[in-house]
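data.csv (CSV, C-alpha atoms)
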chain,number,residue,atom,x,y,z
A,13,VAL,CA,63.1,60.1,133.5
A,14,GLN,CA,63.2,61.9,136.8
A,15,LYS,CA,60.3,62.3,139.1
A,16,SER,CA,60.4,64.7,142.0
A,17,THR,CA,57.6,65.2,144.6
A,18,LYS,CA,58.2,68.9,144.3
A,19,SER,CA,58.0,69.1,140.5
A,20,ILE,CA,54.9,69.3,138.4
A,21,PRO,CA,54.0,66.5,135.8
A,22,PHE,CA,54.8,68.9,133.0
A,23,TYR,CA,57.5,68.0,130.5
A,24,LEU,CA,59.2,69.8,127.6
A,25,ALA,CA,60.4,68.4,124.3
A,26,LEU,CA,62.8,70.4,122.1
A,27,VAL,CA,62.1,68.9,118.7
A,28,HIS,CA,64.8,68.8,115.9
A,29,TYR,CA,62.7,66.4,113.7
A,30,PRO,CA,60.2,66.7,112.2
A,31,VAL,CA,60.4,70.5,111.9
A,32,VAL,CA,60.2,72.8,108.8
A,33,ASN,CA,62.7,75.1,107.2
A,34,ARG,CA,61.9,78.6,105.9
A,35,ASN,CA,60.5,77.1,102.7
A,36,GLY,CA,58.1,74.8,104.7
A,37,ALA,CA,60.0,71.6,103.8
A,38,VAL,CA,60.3,69.0,106.6
A,39,ILE,CA,63.8,68.7,107.8
A,40,ALA,CA,66.0,67.5,110.8
A,41,SER,CA,67.7,70.5,112.4
A,42,ALA,CA,71.1,70.5,114.1
A,43,ILE,CA,71.5,70.6,117.8
A,44,THR,CA,72.5,74.1,119.1
A,45,ASN,CA,74.7,74.1,122.2
A,46,LEU,CA,73.1,77.1,123.8
A,47,ASP,CA,69.6,75.6,123.3
A,48,LEU,CA,70.5,72.7,125.6
A,49,HIS,CA,71.9,75.0,128.3
A,50,ASP,CA,69.0,77.4,128.1
A,51,LEU,CA,66.3,74.8,128.2
A,52,ALA,CA,68.0,72.9,131.0
A,53,ARG,CA,68.3,76.0,133.1
A,54,LEU,CA,64.7,76.9,132.4
A,55,ALA,CA,63.5,73.4,133.4
A,56,CYS,CA,65.6,73.6,136.6
A,57,THR,CA,64.4,77.0,137.6
A,58,TYR,CA,60.7,76.2,137.1
A,59,ARG,CA,61.0,72.6,138.6
A,60,ILE,CA,60.1,70.9,135.3
A,61,PRO,CA,61.3,67.3,135.8
A,62,GLN,CA,62.6,66.7,132.3
A,63,CYS,CA,63.2,68.4,128.9
A,64,PHE,CA,63.5,65.8,126.1
A,65,ILE,CA,66.0,66.6,123.3
A,66,VAL,CA,64.4,64.9,120.3
A,67,THR,CA,66.6,64.0,117.3
A,68,PRO,CA,66.7,60.8,115.3
A,69,LEU,CA,70.2,61.6,113.9
A,70,LYS,CA,72.8,59.4,115.6
A,71,ASP,CA,75.7,61.9,115.3
A,72,GLN,CA,73.5,64.6,116.8
A,73,GLN,CA,72.6,62.3,119.7
A,74,VAL,CA,76.3,61.6,120.3
A,75,LEU,CA,77.0,65.4,120.2
A,76,ALA,CA,74.3,66.2,122.7
A,77,ALA,CA,75.4,63.3,125.0
A,78,ARG,CA,79.0,64.5,124.9
A,79,LEU,CA,78.0,68.0,125.8
A,80,ILE,CA,75.9,66.8,128.7
A,81,ALA,CA,78.6,64.4,129.9
A,82,HIS,CA,81.2,67.2,129.8
A,83,TRP,CA,79.4,69.2,132.4
A,84,CYS,CA,77.9,66.3,134.4
A,85,GLU,CA,81.1,64.2,135.0
A,86,GLY,CA,84.6,64.8,136.4
A,87,ALA,CA,86.2,68.2,136.3
A,88,GLY,CA,83.3,69.9,134.5
A,89,ARG,CA,80.9,68.8,137.1
A,90,GLU,CA,83.2,70.1,139.9
A,91,SER,CA,84.0,73.4,138.4
A,92,HIS,CA,80.5,74.3,137.3
A,93,PRO,CA,78.0,72.6,139.6
A,94,ASP,CA,75.2,74.9,138.4
A,95,ARG,CA,75.6,73.5,134.9
A,96,TRP,CA,75.5,69.9,136.1
A,97,GLN,CA,72.4,70.6,138.2
A,98,ALA,CA,70.6,72.0,135.1
A,99,LEU,CA,71.8,69.6,132.4
A,100,GLN,CA,70.7,66.5,134.3
A,101,HIS,CA,67.1,67.6,133.4
A,102,LEU,CA,67.9,66.8,129.8
A,103,ARG,CA,67.2,63.5,128.1
A,104,ILE,CA,68.0,62.6,124.5
A,105,VAL,CA,65.4,60.6,122.7
A,106,PRO,CA,65.0,59.7,119.0
A,107,GLU,CA,61.4,60.7,118.6
A,108,VAL,CA,58.4,62.2,120.5
A,109,GLY,CA,56.8,58.8,120.9
A,110,VAL,CA,59.7,57.6,123.0
A,111,ALA,CA,59.3,60.7,125.3
A,112,LYS,CA,55.7,59.8,125.7
A,113,ARG,CA,56.4,56.2,126.7
A,114,GLU,CA,59.0,57.3,129.2
A,115,ILE,CA,56.6,59.8,130.8
A,116,GLN,CA,53.9,57.0,130.9
A,117,ALA,CA,56.4,54.7,132.6
A,118,VAL,CA,57.0,57.2,135.4
A,119,GLN,CA,53.7,58.9,135.8
A,120,GLY,CA,51.5,55.9,135.1
A,121,ARG,CA,49.4,57.8,132.5
A,122,ASP,CA,50.0,58.8,128.9
A,123,PRO,CA,50.8,62.5,128.7
A,124,GLU,CA,48.6,64.9,126.8
A,125,VAL,CA,50.7,66.4,124.0
A,126,TRP,CA,50.6,70.2,123.6
A,127,ALA,CA,52.0,71.6,120.3
A,128,THR,CA,53.2,75.2,120.0
A,129,SER,CA,53.2,77.4,117.0
A,130,ALA,CA,53.9,81.1,116.3
A,131,GLY,CA,51.1,81.1,113.7
A,132,ALA,CA,47.4,81.1,113.9
A,133,GLY,CA,46.1,77.6,113.4
A,134,ARG,CA,43.3,75.3,114.6
A,135,ALA,CA,41.3,76.0,117.7
A,136,VAL,CA,43.8,76.8,120.4
A,137,LEU,CA,44.3,76.1,124.1
A,138,THR,CA,44.6,79.6,125.8
A,139,HIS,CA,47.4,80.1,128.3
A,140,ARG,CA,44.8,80.8,130.9
A,141,ALA,CA,43.1,77.4,130.3
A,142,ALA,CA,46.5,75.7,130.1
A,143,ARG,CA,47.4,77.1,133.6
A,144,ARG,CA,44.2,75.6,135.0
A,145,GLN,CA,44.9,72.2,133.3
A,146,LEU,CA,48.4,72.2,134.8
A,147,GLU,CA,47.0,73.0,138.3
A,148,ALA,CA,44.7,69.9,137.8
A,149,SER,CA,47.8,67.9,136.8
A,150,ARG,CA,49.7,69.1,139.8
A,151,ALA,CA,46.8,68.0,142.1
A,152,LEU,CA,46.8,64.7,140.2
A,153,LEU,CA,43.2,65.4,139.0
A,154,ALA,CA,44.5,65.2,135.4
A,155,GLY,CA,47.3,63.4,133.7
A,156,PRO,CA,50.8,64.7,132.8
A,157,LYS,CA,51.4,67.1,129.9
A,158,LEU,CA,54.2,67.3,127.3
A,159,MET,CA,54.8,70.6,125.5
A,160,LEU,CA,56.5,70.4,122.1
A,161,LEU,CA,58.8,73.2,121.0
A,162,GLY,CA,60.0,73.4,117.4
A,163,THR,CA,63.5,74.4,116.4
A,164,ALA,CA,64.2,75.8,112.9
A,165,TRP,CA,61.0,77.4,111.5
A,166,GLY,CA,58.8,75.3,113.9
A,167,LEU,CA,57.1,72.0,114.3
A,168,ALA,CA,56.1,70.1,111.1
A,169,PRO,CA,52.4,70.3,110.4
A,170,GLY,CA,52.0,66.5,110.9
A,171,LEU,CA,53.3,66.8,114.5
A,172,ILE,CA,50.9,69.7,115.2
A,173,GLU,CA,48.0,67.8,113.8
A,174,ALA,CA,48.8,64.7,115.8
A,175,ALA,CA,49.0,66.7,119.1
A,176,ASP,CA,46.1,66.7,121.5
A,177,GLN,CA,46.0,70.5,121.8
A,178,VAL,CA,47.7,73.5,120.2
A,179,LEU,CA,48.8,76.2,122.5
A,180,GLU,CA,47.9,79.9,121.9
A,181,ALA,CA,50.7,81.8,120.1
A,182,ILE,CA,52.7,84.2,122.3
A,183,GLN,CA,52.0,87.4,120.4
A,184,PRO,CA,49.3,86.5,117.9
A,185,ASP,CA,48.7,90.1,116.9
A,186,SER,CA,52.4,91.1,116.5
A,187,LEU,CA,53.5,92.1,113.0
A,188,TYR,CA,56.8,90.3,113.8
A,189,ASN,CA,56.7,86.7,114.9
A,190,HIS,CA,60.1,85.3,114.9
A,191,LEU,CA,61.2,84.8,118.5
A,192,SER,CA,64.0,82.3,119.1
A,193,VAL,CA,62.9,78.9,120.4
A,194,ARG,CA,64.9,79.7,123.6
A,195,CYS,CA,63.0,82.9,124.2
A,196,ALA,CA,59.6,81.4,123.2
A,197,ALA,CA,60.2,78.5,125.6
A,198,ALA,CA,61.0,80.8,128.4
A,199,ILE,CA,57.9,83.0,127.9
A,200,LEU,CA,55.6,80.1,127.6
A,201,VAL,CA,56.9,78.3,130.7
A,202,ASP,CA,56.6,81.6,132.6
A,203,ARG,CA,53.1,82.2,131.4
A,204,LEU,CA,52.1,78.6,132.4
A,205,LEU,CA,54.0,78.2,135.6
A,206,GLY,CA,55.1,81.6,136.7
A,207,PRO,CA,53.2,84.0,139.1
A,208,GLU,CA,49.8,85.2,138.2
A,209,ARG,CA,49.9,88.5,136.4
A,210,LEU,CA,50.2,91.5,137.3
A,211,GLY,CA,47.5,93.8,136.2
B,20,VAL,CA,68.2,105.7,118.0
B,21,GLN,CA,64.9,104.9,116.4
B,22,LYS,CA,61.6,106.3,117.5
B,23,SER,CA,58.3,104.9,116.4
B,24,THR,CA,54.9,106.2,117.3
B,25,LYS,CA,53.8,102.7,117.8
B,26,SER,CA,56.6,101.7,120.1
B,27,ILE,CA,56.8,102.3,123.9
B,28,PRO,CA,59.6,104.5,125.3
B,29,PHE,CA,61.2,101.5,126.9
B,30,TYR,CA,64.7,100.5,126.0
B,31,LEU,CA,66.9,97.5,126.7
B,32,ALA,CA,70.7,97.4,127.2
B,33,LEU,CA,72.6,94.1,127.1
B,34,VAL,CA,75.7,94.9,129.2
B,35,HIS,CA,79.1,93.3,128.6
B,36,TYR,CA,80.9,95.7,131.0
B,37,PRO,CA,80.9,96.1,133.9
B,38,VAL,CA,79.6,92.7,134.8
B,39,VAL,CA,80.9,90.0,137.2
B,40,ASN,CA,82.3,86.6,136.7
B,41,ARG,CA,81.5,83.6,138.9
B,42,ASN,CA,84.0,84.7,141.5
B,43,GLY,CA,82.4,88.1,141.7
B,44,ALA,CA,85.3,89.9,139.9
B,45,VAL,CA,84.4,92.8,137.6
B,46,ILE,CA,85.1,91.8,133.9
B,47,ALA,CA,84.2,92.6,130.3
B,48,SER,CA,82.4,89.6,128.8
B,49,ALA,CA,82.6,88.5,125.1
B,50,ILE,CA,79.8,89.2,122.7
B,51,THR,CA,77.6,86.0,122.0
B,52,ASN,CA,76.2,85.8,118.5
B,53,LEU,CA,72.9,84.3,119.6
B,54,ASP,CA,72.4,86.9,122.3
B,55,LEU,CA,72.3,89.6,119.6
B,56,HIS,CA,69.8,87.7,117.4
B,57,ASP,CA,67.6,86.8,120.4
B,58,LEU,CA,67.5,90.2,121.9
B,59,ALA,CA,66.8,91.8,118.5
B,60,ARG,CA,63.9,89.5,117.8
B,61,LEU,CA,62.5,90.1,121.3
B,62,ALA,CA,62.7,93.8,120.8
B,63,CYS,CA,61.1,93.6,117.4
B,64,THR,CA,58.3,91.3,118.6
B,65,TYR,CA,57.4,93.6,121.6
B,66,ARG,CA,57.9,96.8,119.7
B,67,ILE,CA,60.8,98.0,121.9
B,68,PRO,CA,62.5,100.7,119.8
B,69,GLN,CA,66.1,99.8,120.6
B,70,CYS,CA,68.3,97.4,122.4
B,71,PHE,CA,71.8,98.7,123.2
B,72,ILE,CA,74.7,96.3,123.0
B,73,VAL,CA,77.1,97.8,125.6
B,74,THR,CA,80.8,97.0,125.3
B,75,PRO,CA,83.9,99.2,125.6
B,76,LEU,CA,86.1,96.7,123.8
B,77,LYS,CA,86.9,97.9,120.2
B,78,ASP,CA,87.3,94.4,118.8
B,79,GLN,CA,84.0,93.4,120.3
B,80,GLN,CA,82.3,96.4,118.8
B,81,VAL,CA,83.7,95.5,115.4
B,82,LEU,CA,82.6,91.9,115.8
B,83,ALA,CA,79.0,93.0,116.7
B,84,ALA,CA,78.9,95.6,113.9
B,85,ARG,CA,80.1,93.0,111.3
B,86,LEU,CA,77.4,90.5,112.4
B,87,ILE,CA,74.7,93.2,112.1
B,88,ALA,CA,76.0,94.4,108.8
B,89,HIS,CA,76.0,90.8,107.4
B,90,TRP,CA,72.3,90.5,107.8
B,91,CYS,CA,71.3,94.1,107.2
B,92,GLU,CA,73.2,94.7,103.9
B,93,GLY,CA,73.3,93.1,100.5
B,94,ALA,CA,72.6,89.4,100.1
B,95,GLY,CA,72.0,88.7,103.8
B,96,ARG,CA,69.4,91.3,103.9
B,97,GLU,CA,67.6,89.9,100.8
B,98,SER,CA,67.8,86.3,101.8
B,99,HIS,CA,66.7,86.7,105.4
B,100,PRO,CA,64.5,89.8,105.7
B,101,ASP,CA,63.2,88.7,109.1
B,102,ARG,CA,66.8,89.0,110.5
B,103,TRP,CA,67.4,92.4,109.1
B,104,GLN,CA,64.1,93.6,110.4
B,105,ALA,CA,65.1,92.5,113.9
B,106,LEU,CA,68.8,93.4,113.9
B,107,GLN,CA,68.1,97.0,113.0
B,108,HIS,CA,66.8,97.3,116.6
B,109,LEU,CA,70.4,96.9,117.9
B,110,ARG,CA,72.8,99.7,118.6
B,111,ILE,CA,76.4,99.3,119.7
B,112,VAL,CA,77.5,101.7,122.4
B,113,PRO,CA,80.7,101.8,124.6
B,114,GLU,CA,78.9,102.4,127.9
B,115,VAL,CA,75.5,102.8,129.5
B,116,GLY,CA,76.0,106.6,129.8
B,117,VAL,CA,76.0,106.8,126.0
B,118,ALA,CA,72.8,104.9,125.7
B,119,LYS,CA,71.2,107.3,128.2
B,120,ARG,CA,72.3,110.3,126.2
B,121,GLU,CA,71.0,108.8,123.0
B,122,ILE,CA,67.6,108.1,124.5
B,123,GLN,CA,67.6,111.7,126.0
B,124,ALA,CA,68.3,113.1,122.5
B,125,VAL,CA,65.3,111.3,121.0
B,126,GLN,CA,62.8,111.3,123.8
B,127,GLY,CA,63.6,114.7,125.3
B,128,ARG,CA,64.0,113.4,128.8
B,129,ASP,CA,66.6,111.3,130.6
B,130,PRO,CA,65.6,107.7,131.0
B,131,GLU,CA,65.1,106.2,134.4
B,132,VAL,CA,67.5,103.3,134.6
B,133,TRP,CA,66.2,99.9,135.9
B,134,ALA,CA,68.8,97.3,136.9
B,135,THR,CA,68.0,93.6,136.9
B,136,SER,CA,69.5,91.0,139.2
B,137,ALA,CA,68.7,87.3,139.9
B,138,GLY,CA,69.6,87.9,143.6
B,139,ALA,CA,67.7,89.5,146.5
B,140,GLY,CA,69.1,93.0,146.9
B,141,ARG,CA,67.9,96.4,147.9
B,142,ALA,CA,64.3,97.4,147.8
B,143,VAL,CA,62.8,96.3,144.5
B,144,LEU,CA,60.5,97.5,141.9
B,145,THR,CA,57.8,94.8,141.5
B,146,HIS,CA,56.8,93.8,138.1
B,147,ARG,CA,53.3,94.9,138.8
B,148,ALA,CA,54.6,98.4,139.7
B,149,ALA,CA,56.9,98.4,136.7
B,150,ARG,CA,54.0,97.6,134.3
B,151,ARG,CA,52.1,100.7,135.7
B,152,GLN,CA,55.1,102.9,135.3
B,153,LEU,CA,55.5,101.7,131.6
B,154,GLU,CA,51.8,102.5,131.0
B,155,ALA,CA,52.5,106.0,132.3
B,156,SER,CA,55.5,106.3,130.0
B,157,ARG,CA,53.4,105.1,127.1
B,158,ALA,CA,50.9,107.8,127.8
B,159,LEU,CA,53.8,110.3,128.1
B,160,LEU,CA,52.9,110.9,131.8
B,161,ALA,CA,56.4,109.7,132.7
B,162,GLY,CA,59.8,109.6,131.1
B,163,PRO,CA,61.4,106.8,129.2
B,164,LYS,CA,62.9,103.7,130.9
B,165,LEU,CA,66.1,101.8,130.2
B,166,MET,CA,66.4,98.2,131.5
B,167,LEU,CA,69.9,96.9,132.0
B,168,LEU,CA,70.5,93.1,131.5
B,169,GLY,CA,73.8,91.7,132.6
B,170,THR,CA,75.8,89.0,130.7
B,171,ALA,CA,78.2,86.6,132.5
B,172,TRP,CA,77.2,86.4,136.2
B,173,GLY,CA,75.2,89.6,136.1
B,174,LEU,CA,75.6,93.4,136.4
B,175,ALA,CA,78.5,94.7,138.5
B,176,PRO,CA,77.4,96.0,142.0
B,177,GLY,CA,78.4,99.5,141.1
B,178,LEU,CA,76.0,99.6,138.1
B,179,ILE,CA,73.2,98.2,140.2
B,180,GLU,CA,73.8,100.8,142.9
B,181,ALA,CA,73.9,103.6,140.3
B,182,ALA,CA,70.5,102.6,138.8
B,183,ASP,CA,67.3,104.4,139.7
B,184,GLN,CA,65.5,101.2,140.5
B,185,VAL,CA,66.2,97.5,140.8
B,186,LEU,CA,63.6,95.2,139.3
B,187,GLU,CA,62.2,92.3,141.2
B,188,ALA,CA,63.9,88.9,140.5
B,189,ILE,CA,62.2,86.5,138.2
B,190,GLN,CA,62.0,83.6,140.6
B,191,PRO,CA,63.1,85.0,143.9
B,192,ASP,CA,62.1,81.8,145.8
B,193,SER,CA,63.6,79.3,143.4
B,194,LEU,CA,66.4,77.1,144.7
B,195,TYR,CA,68.0,77.4,141.3
B,196,ASN,CA,68.6,80.8,139.9
B,197,HIS,CA,70.7,80.7,136.7
B,198,LEU,CA,68.6,81.5,133.7
B,199,SER,CA,70.5,82.5,130.6
B,200,VAL,CA,70.3,86.3,129.9
B,201,ARG,CA,68.4,85.4,126.8
B,202,CYS,CA,65.6,83.6,128.7
B,203,ALA,CA,65.6,86.1,131.5
B,204,ALA,CA,65.3,89.0,129.1
B,205,ALA,CA,62.3,87.3,127.4
B,206,ILE,CA,60.5,86.6,130.6
B,207,LEU,CA,61.0,90.1,132.0
B,208,VAL,CA,59.9,91.8,128.7
B,209,ASP,CA,56.8,89.5,128.6
B,210,ARG,CA,55.9,90.3,132.2
B,211,LEU,CA,56.3,94.0,131.7
B,212,LEU,CA,54.8,94.4,128.2
B,213,GLY,CA,52.9,91.1,127.5
B,214,PRO,CA,49.2,90.5,128.2
B,215,GLU,CA,47.9,90.7,131.7
B,216,ARG,CA,48.0,87.3,133.5
B,217,LEU,CA,45.9,84.9,133.6
B,218,GLY,CA,44.6,83.6,136.9

Could you write out this file's structure as structure tokens?
Amino acid sequence: VQKSTKSIPFYLALVHYPVVNRNGAVIASAITNLDLHDLARLACTYRIPQCFIVTPLKDQQVLAARLIAHWCEGAGRESHPDRWQALQHLRIVPEVGVAKREIQAVQGRDPEVWATSAGAGRAVLTHRAARRQLEASRALLAGPKLMLLGTAWGLAPGLIEAADQVLEAIQPDSLYNHLSVRCAAAILVDRLLGPERLG
Amino acid sequence: VQKSTKSIPFYLALVHYPVVNRNGAVIASAITNLDLHDLARLACTYRIPQCFIVTPLKDQQVLAARLIAHWCEGAGRESHPDRWQALQHLRIVPEVGVAKREIQAVQGRDPEVWATSAGAGRAVLTHRAARRQLEASRALLAGPKLMLLGTAWGLAPGLIEAADQVLEAIQPDSLYNHLSVRCAAAILVDRLLGPERLG
């Protein structure tokens, strides 16, 4: 786990298990190549120290590791330094608990876990309140945070229930609510860490 | 071109030509499957009437049309209605000029073209100012807008120079400036059409 004095103690986890499929069954989803690149670039742009790629499947861990190694070693690293710079923000872990322990080891405190969901659920942490909490974390007045992003049809209910907070949905009033996890991650990160809006 | 009374006269164009490669040479980039899904879902979520997929290459037009047809007809449409609902927001055109003419035909006025770029360039339209202009467009006090998004390493200089305005970069002060076009599109659309932020 990397720690930079310039970065904020705010971490992402792209969760491939446990997530739900479109029938609501709990599944392990497959790694998507572009997810890894997009999340790595997002973390790098917004100075997020680490994005955990969560999958318990050994073959998927090997696949992700191979992809990262391709761009972070040898000819790939030399020919595309911007990819290496981004992909070093990724870390493959078998479960969310391991990500929490790694953050604890670096930051000295357990992270507060924030679940995300496109649906309306239990009482939510508004983006405005989340920004304030991250400012407190940045000033070391509060502990680190870990935001969980679900692939497939989203985080499994058990993971949402186990989280410390559930973030407000991006467009709670929209009739259509199926952003890709890549776009949802980008919007949430920008709302929480980007410039103040913009009246 | 679709027109909905609920939507805002704001259009997207995902440009595959003319764009630049990492050496700055003008090229035509290949269609990326996930770009089409992500942009379609983004347009659908934010009630953007249409996202134009711009490519002059016939085989790429056929590829994109086949992908859209797969989800918008027959079994694909029935099994994944959320994909059909989103993908119908896409329209394949050979060049930006055709997109402009189609918008003019529906809206009765030529669109103002907004270029996007990750770099610092000529005098920029801030996101705050762009929000105000879109509010004027929504109230029909101003004409429609067309925002151009570049694939590969971004829009070709000629396309940027020919645009009416150039939008402010997403993170002009970041040391790392390589968001994917999917994530950049999501952040820009949310900044321009999403809720007011969030002090």

Spatial neighbours of region 69-78 of chain A, 9 Å, all atoms listed in the file, chain gap at least 4 places, as a PDB file with C-alpha atoms, keeping the file's coordinate frame:
ATOM      1  CA  TYR A  29      62.700  66.400 113.700  1.00  0.00           C
ATOM      2  CA  ALA A  40      66.000  67.500 110.800  1.00  0.00           C
ATOM      3  CA  ALA A  42      71.100  70.500 114.100  1.00  0.00           C
ATOM      4  CA  ILE A  43      71.500  70.600 117.800  1.00  0.00           C
ATOM      5  CA  THR A  44      72.500  74.100 119.100  1.00  0.00           C
ATOM      6  CA  ASN A  45      74.700  74.100 122.200  1.00  0.00           C
ATOM      7  CA  LEU A  48      70.500  72.700 125.600  1.00  0.00           C
ATOM      8  CA  ILE A  65      66.000  66.600 123.300  1.00  0.00           C
ATOM      9  CA  HIS A  82      81.200  67.200 129.800  1.00  0.00           C
ATOM     10  CA  TRP A  83      79.400  69.200 132.400  1.00  0.00           C
ATOM     11  CA  ARG A 103      67.200  63.500 128.100  1.00  0.00           C
ATOM     12  CA  ILE A 104      68.000  62.600 124.500  1.00  0.00           C
ATOM     13  CA  VAL A 105      65.400  60.600 122.700  1.00  0.00           C
ATOM     14  CA  PRO A 106      65.000  59.700 119.000  1.00  0.00           C
TER      15      PRO A 106
END

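CA of Ile199 (chain A) is positioned 13.6 Å from CA of Pro184 (chain A).
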
Expected answer as number ranges by chain: chain B residues within 10 Å of chain A, only C-alpha atoms: B: 41, 53-54, 56-66, 99, 101-102, 104-105, 145-151, 189-190, 192-211, 213-218

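Around the point (47.5, 68.3, 119.4), within 9 Å and counting all atoms listed in the file, we find these residues: A:Glu124, A:Val125, A:Trp126, A:Ala127, A:Thr128, A:Leu171, A:Ile172, A:Glu173, A:Ala174, A:Ala175, A:Asp176, A:Gln177, A:Val178, A:Leu179.
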
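The two atoms in question, CA of Ser149 (chain A) and CA of Tyr23 (chain A), are spaced 11.6 Å apart.
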
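One distance worth recording is that between CA of Cys91 (chain B) and CA of Val125 (chain B), which is 22.9 Å.
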
Taking 5 positions as the minimum chain separation for residues in the same chain, which residues sit within 12 Å of Asn35 (chain A) when counting only C-alpha atoms? Answer as a PyMOL selection string. (chain A and resi 164-166+168) or (chain B and resi 98-99)

The selected residues should be written to file as a PDB file, keeping the file's coordinate frame (atoms: C-alpha atoms).
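To be explicit, this is the file written out as result34.pdb:
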ATOM      1  CA  ALA A 164      64.200  75.800 112.900  1.00  0.00           C
ATOM      2  CA  TRP A 165      61.000  77.400 111.500  1.00  0.00           C
ATOM      3  CA  GLY A 166      58.800  75.300 113.900  1.00  0.00           C
ATOM      4  CA  ALA A 168      56.100  70.100 111.100  1.00  0.00           C
TER       5      ALA A 168
ATOM      6  CA  SER B  98      67.800  86.300 101.800  1.00  0.00           C
ATOM      7  CA  HIS B  99      66.700  86.700 105.400  1.00  0.00           C
TER       8      HIS B  99
END

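Nearest-residue note for Ala148 (chain A): choosing from A:Ala87, A:Val108, A:Ala25, A:Ile20, the minimum distance belongs to A:Ile20, counting all atoms listed in the file.
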
Mind filling out region 28-39 of chain A with N, CA, C and O atoms and sending it as a PDB file, in the frame of the given file?
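Result written to result_8.pdb:
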ATOM      1  N   HIS A  28      63.894  68.486 117.095  1.00  0.00           N
ATOM      2  CA  HIS A  28      64.800  68.800 115.900  1.00  0.00           C
ATOM      3  C   HIS A  28      64.304  68.023 114.693  1.00  0.00           C
ATOM      4  O   HIS A  28      64.812  68.248 113.604  1.00  0.00           O
ATOM      5  N   TYR A  29      63.358  67.106 114.849  1.00  0.00           N
ATOM      6  CA  TYR A  29      62.700  66.400 113.700  1.00  0.00           C
ATOM      7  C   TYR A  29      61.408  65.849 114.209  1.00  0.00           C
ATOM      8  O   TYR A  29      61.375  65.284 115.305  1.00  0.00           O
ATOM      9  N   PRO A  30      60.300  65.967 113.459  1.00  0.00           N
ATOM     10  CA  PRO A  30      60.200  66.700 112.200  1.00  0.00           C
ATOM     11  C   PRO A  30      59.859  68.193 112.424  1.00  0.00           C
ATOM     12  O   PRO A  30      58.912  68.530 113.121  1.00  0.00           O
ATOM     13  N   VAL A  31      60.690  69.066 111.848  1.00  0.00           N
ATOM     14  CA  VAL A  31      60.400  70.500 111.900  1.00  0.00           C
ATOM     15  C   VAL A  31      60.499  71.017 110.419  1.00  0.00           C
ATOM     16  O   VAL A  31      60.875  70.268 109.512  1.00  0.00           O
ATOM     17  N   VAL A  32      60.141  72.260 110.202  1.00  0.00           N
ATOM     18  CA  VAL A  32      60.200  72.800 108.800  1.00  0.00           C
ATOM     19  C   VAL A  32      61.282  73.839 108.705  1.00  0.00           C
ATOM     20  O   VAL A  32      61.676  74.481 109.679  1.00  0.00           O
ATOM     21  N   ASN A  33      61.801  73.976 107.493  1.00  0.00           N
ATOM     22  CA  ASN A  33      62.700  75.100 107.200  1.00  0.00           C
ATOM     23  C   ASN A  33      61.934  76.280 106.685  1.00  0.00           C
ATOM     24  O   ASN A  33      60.705  76.253 106.642  1.00  0.00           O
ATOM     25  N   ARG A  34      62.641  77.347 106.289  1.00  0.00           N
ATOM     26  CA  ARG A  34      61.900  78.600 105.900  1.00  0.00           C
ATOM     27  C   ARG A  34      61.090  78.440 104.657  1.00  0.00           C
ATOM     28  O   ARG A  34      60.251  79.287 104.374  1.00  0.00           O
ATOM     29  N   ASN A  35      61.334  77.347 103.924  1.00  0.00           N
ATOM     30  CA  ASN A  35      60.500  77.100 102.700  1.00  0.00           C
ATOM     31  C   ASN A  35      59.343  76.157 103.037  1.00  0.00           C
ATOM     32  O   ASN A  35      58.597  75.789 102.133  1.00  0.00           O
ATOM     33  N   GLY A  36      59.233  75.729 104.305  1.00  0.00           N
ATOM     34  CA  GLY A  36      58.100  74.800 104.700  1.00  0.00           C
ATOM     35  C   GLY A  36      58.424  73.369 104.474  1.00  0.00           C
ATOM     36  O   GLY A  36      57.557  72.533 104.720  1.00  0.00           O
ATOM     37  N   ALA A  37      59.643  73.041 104.012  1.00  0.00           N
ATOM     38  CA  ALA A  37      60.000  71.600 103.800  1.00  0.00           C
ATOM     39  C   ALA A  37      60.349  70.996 105.182  1.00  0.00           C
ATOM     40  O   ALA A  37      60.919  71.652 106.051  1.00  0.00           O
ATOM     41  N   VAL A  38      59.988  69.732 105.335  1.00  0.00           N
ATOM     42  CA  VAL A  38      60.300  69.000 106.600  1.00  0.00           C
ATOM     43  C   VAL A  38      61.746  68.618 106.610  1.00  0.00           C
ATOM     44  O   VAL A  38      62.253  68.007 105.660  1.00  0.00           O
ATOM     45  N   ILE A  39      62.415  68.983 107.711  1.00  0.00           N
ATOM     46  CA  ILE A  39      63.800  68.700 107.800  1.00  0.00           C
ATOM     47  C   ILE A  39      64.146  68.208 109.261  1.00  0.00           C
ATOM     48  O   ILE A  39      63.289  68.248 110.143  1.00  0.00           O
TER      49      ILE A  39
END
